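J.: My structure is stored as target-v6.cif, with mmCIF, C-alpha atoms.
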data_final
#
loop_
_atom_site.label_atom_id
_atom_site.label_comp_id
_atom_site.auth_asym_id
_atom_site.auth_seq_id
_atom_site.Cartn_x
_atom_site.Cartn_y
_atom_site.Cartn_z
CA MET M 213 67.05 -23.07 -109.06
CA PRO M 214 68.10 -26.56 -107.78
CA VAL M 215 69.79 -27.30 -111.13
CA ALA M 216 71.80 -24.08 -110.91
CA LEU M 217 72.84 -24.96 -107.35
CA LEU M 218 73.91 -28.45 -108.42
CA LEU M 219 75.92 -26.99 -111.29
CA LEU M 220 77.58 -24.54 -108.90
CA ILE M 221 78.47 -27.37 -106.49
CA ALA M 222 79.77 -29.49 -109.38
CA ALA M 223 81.89 -26.57 -110.60
CA GLY M 224 83.30 -26.08 -107.10
CA LEU M 225 84.14 -29.76 -106.78
CA GLY M 226 85.70 -29.75 -110.25
CA TRP M 227 87.85 -26.76 -109.33
CA ALA M 228 88.90 -28.41 -106.05
CA TRP M 229 89.80 -31.62 -107.91
CA TRP M 230 91.73 -29.74 -110.61
CA THR M 231 93.78 -27.72 -108.09
CA GLY M 232 94.51 -30.79 -105.95
CA ARG M 233 92.60 -29.60 -102.89
CA LEU M 234 90.76 -32.94 -102.70
CA LYS M 235 93.99 -34.94 -102.67
CA GLY M 236 94.01 -35.59 -98.94
CA LEU M 237 90.37 -36.55 -98.62
CA ALA M 238 89.30 -40.06 -97.69
CA PHE M 239 86.04 -41.98 -98.08
CA GLU M 240 85.04 -40.97 -94.54
CA ASP M 241 85.32 -37.31 -95.52
CA GLY M 242 82.88 -37.91 -98.36
CA ILE M 243 80.47 -39.57 -95.95
CA ALA M 244 80.78 -36.59 -93.59
CA GLY M 245 80.12 -34.20 -96.51
CA ALA M 246 77.03 -36.15 -97.52
CA ALA M 247 75.81 -36.17 -93.88
CA PHE M 248 76.32 -32.41 -93.71
CA LEU M 249 74.32 -31.83 -96.91
CA LEU M 250 71.57 -34.20 -95.78
CA GLY M 251 71.48 -32.50 -92.39
CA MET M 252 71.18 -29.09 -94.02
CA ARG M 253 68.36 -30.40 -96.17
CA PHE M 254 66.51 -31.73 -93.13
CA ALA M 255 67.16 -28.56 -91.12
CA THR M 256 65.84 -26.29 -93.86
CA THR M 257 62.73 -28.37 -94.61
CA GLY M 258 61.31 -28.28 -91.11
CA LYS M 259 62.99 -31.30 -89.53
CA PRO M 260 65.69 -29.72 -87.36
CA ALA M 261 65.66 -32.65 -84.90
CA LEU M 262 67.09 -34.82 -87.70
CA GLY M 263 69.17 -32.19 -89.45
CA LEU M 264 71.05 -30.47 -86.65
CA PRO M 265 72.71 -33.63 -85.24
CA LEU M 266 73.90 -34.55 -88.75
CA VAL M 267 75.30 -31.06 -89.33
CA ALA M 268 76.94 -31.02 -85.89
CA GLY M 269 78.47 -34.47 -86.40
CA ALA M 270 79.84 -33.59 -89.82
CA THR M 271 81.26 -30.32 -88.48
CA LEU M 272 82.93 -32.10 -85.57
CA TRP M 273 84.40 -34.63 -88.00
CA ALA M 274 85.80 -31.79 -90.12
CA PHE M 275 87.52 -30.22 -87.09
CA TYR M 276 88.86 -33.60 -85.96
CA ARG M 277 90.09 -34.44 -89.44
CA ARG M 278 91.74 -31.07 -89.93
CA LYS M 279 93.58 -31.39 -86.65
CA ARG M 280 94.63 -34.95 -87.42
CA ALA M 281 95.67 -34.30 -91.04
CA ARG M 282 98.39 -31.77 -90.28
CA PRO M 283 101.55 -32.72 -92.12
CA LEU M 284 104.42 -34.09 -90.11
CA SER M 285 107.55 -31.99 -90.14
CA MET M 286 111.05 -32.36 -88.85
CA PRO M 287 113.62 -29.90 -87.56
CA LEU M 288 115.22 -27.85 -90.33
CA ALA M 289 118.74 -28.97 -89.46
CA GLU M 290 117.74 -32.63 -89.71
CA ALA M 291 115.94 -32.02 -93.02
CA ARG M 292 118.98 -30.26 -94.48
CA GLN M 293 121.30 -33.00 -93.26
CA LEU M 294 119.09 -35.76 -94.68
CA LEU M 295 118.90 -34.13 -98.11
CA GLY M 296 122.51 -32.96 -98.01
CA VAL M 297 121.82 -29.28 -98.68
CA ASP M 298 122.98 -26.19 -96.82
CA GLU M 299 121.05 -23.17 -95.56
CA SER M 300 121.58 -21.21 -98.78
CA ALA M 301 120.08 -23.96 -100.98
CA SER M 302 117.58 -22.79 -103.56
CA LEU M 303 114.27 -24.48 -104.34
CA ALA M 304 115.87 -26.12 -107.37
CA ASP M 305 118.75 -27.44 -105.20
CA ILE M 306 116.27 -28.92 -102.71
CA ARG M 307 114.26 -30.59 -105.45
CA ASP M 308 117.37 -31.95 -107.18
CA ALA M 309 118.70 -33.37 -103.91
CA HIS M 310 115.28 -34.91 -103.21
CA ARG M 311 115.12 -36.53 -106.65
CA ARG M 312 118.60 -38.01 -106.34
CA LEU M 313 117.95 -39.37 -102.85
CA ILE M 314 114.43 -40.67 -103.46
CA ALA M 315 115.69 -42.58 -106.51
CA LYS M 316 117.99 -44.50 -104.15
CA VAL M 317 115.65 -45.08 -101.20
CA HIS M 318 112.25 -45.56 -102.85
CA PRO M 319 110.60 -48.92 -102.09
CA ASP M 320 110.25 -49.65 -105.82
CA THR M 321 114.03 -49.61 -106.15
CA GLY M 322 114.70 -51.75 -103.08
CA GLY M 323 114.64 -49.02 -100.42
CA SER M 324 112.38 -48.74 -97.40
CA ALA M 325 109.01 -47.01 -97.23
CA GLU M 326 109.96 -45.37 -93.92
CA LEU M 327 113.12 -43.79 -95.32
CA ALA M 328 111.29 -42.63 -98.45
CA HIS M 329 108.65 -41.03 -96.21
CA ARG M 330 111.35 -39.26 -94.18
CA VAL M 331 112.98 -37.95 -97.38
CA ASN M 332 109.62 -36.61 -98.56
CA VAL M 333 108.95 -34.98 -95.17
CA ALA M 334 112.42 -33.39 -95.27
CA ARG M 335 111.72 -31.94 -98.72
CA ASP M 336 108.28 -30.69 -97.64
CA THR M 337 109.75 -29.10 -94.50
CA LEU M 338 112.44 -27.24 -96.44
CA VAL M 339 110.05 -26.11 -99.18
CA GLU M 340 107.55 -24.93 -96.56
CA GLU M 341 110.28 -23.00 -94.75
CA MET M 342 111.44 -21.47 -98.02
CA ASN M 343 107.88 -20.39 -98.86
CA ARG M 344 107.52 -18.92 -95.38
CA ARG M 345 110.71 -16.87 -95.80
CA THR M 346 109.94 -15.68 -99.33
CA PRO M 347 106.19 -15.43 -99.89
CA ARG M 348 104.95 -15.81 -103.45
CA ALA M 349 103.82 -12.74 -105.34
CA SER M 350 100.10 -12.96 -106.08
#
Output the structure of this file as structure tokens.

T.:
Amino acid sequence: MPVALLLLIAAGLGWAWWTGRLKGLAFEDGIAGAAFLLGMRFATTGKPALGLPLVAGATLWAFYRRKRARPLSMPLAEARQLLGVDESASLADIRDAHRRLIAKVHPDTGGSAELAHRVNVARDTLVEEMNRRTPRAS
């Protein structure tokens, strides 16, 4: 049974890695995950005094991290102005404008990291708004 559980966990982690869901995780998140698993192990083997504080701490970290990790956005008008697209721009137009602009302002080509970040946030804001207006068919 423990081998099957480990394989299931490994499959879940593999899926999360493959789909990019682990992209925003940091080393501290891995530590919190290990503390949670260790706490669950202690709690289920008769040592709740050790396990419950670990589980509680890891859970609090997850809530703190989720709240902190929200992506920054900017007003839609500012995002459109920065990328140079209008309200009727398609997803392809937004991506093309982003590619053209990021090629000019990227730090590797002599631009600034702050401006490149703002261009990326503008693209993300417009794509998020577009997805909100026209939900994907599942």

J.: Which is closer to Ala246 of chain M than all the others in M:Ser300, M:Thr271, M:Thr337, M:Ser324, using all atoms listed in the file?

T.: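 That would be M:Thr271, the residue with the smallest distance to Ala246 of chain M.
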
J.: Any chance you could resolve the PyMOL selection byres ((chain M and resi 297) around 12) against this file and give the residues as a list in words?

T.: Leu288, Ala289, Glu290, Ala291, Arg292, Gln293, Leu294, Leu295, Gly296, Asp298, Glu299, Ser300, Ala301, Ser302, Leu303, Ala304, Asp305, Ile306, Arg307, Asp308, Ala309, His310, Leu313, Ala334, Arg335 and Leu338 of chain M

J.: So how many Å separate atom CA of Val331 of chain M and atom CA of Pro319 of chain M, to one decimal?

T.: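 Separating atom CA of Val331 of chain M from atom CA of Pro319 of chain M is a distance of 12.2 Å.
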
J.: Given the PyMOL selection byres ((chain M and resi 264) around 10) and the file above, list the residues it selects as a PyMOL selection string.

T.: chain M and resi 248+250-256+259-263+265-270

J.: One decimal, Å: what's the distance from atom CA of His318 of chain M over to atom CA of Arg330 of chain M, could you say?

T.: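 So the two atoms, atom CA of His318 of chain M and atom CA of Arg330 of chain M, lie 10.8 Å apart.
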
J.: Suppose you want the space between atom CA of Asn343 of chain M and atom CA of Ser285 of chain M; what is it in Å?

T.: 14.5 Å

J.: Using all atoms listed in the file, which residues sit within 10 Å of Trp273 of chain M once same-chain residues fewer than 6 positions away are excluded, as a PyMOL selection string?

T.: chain M and resi 240-241+244-245+267+279
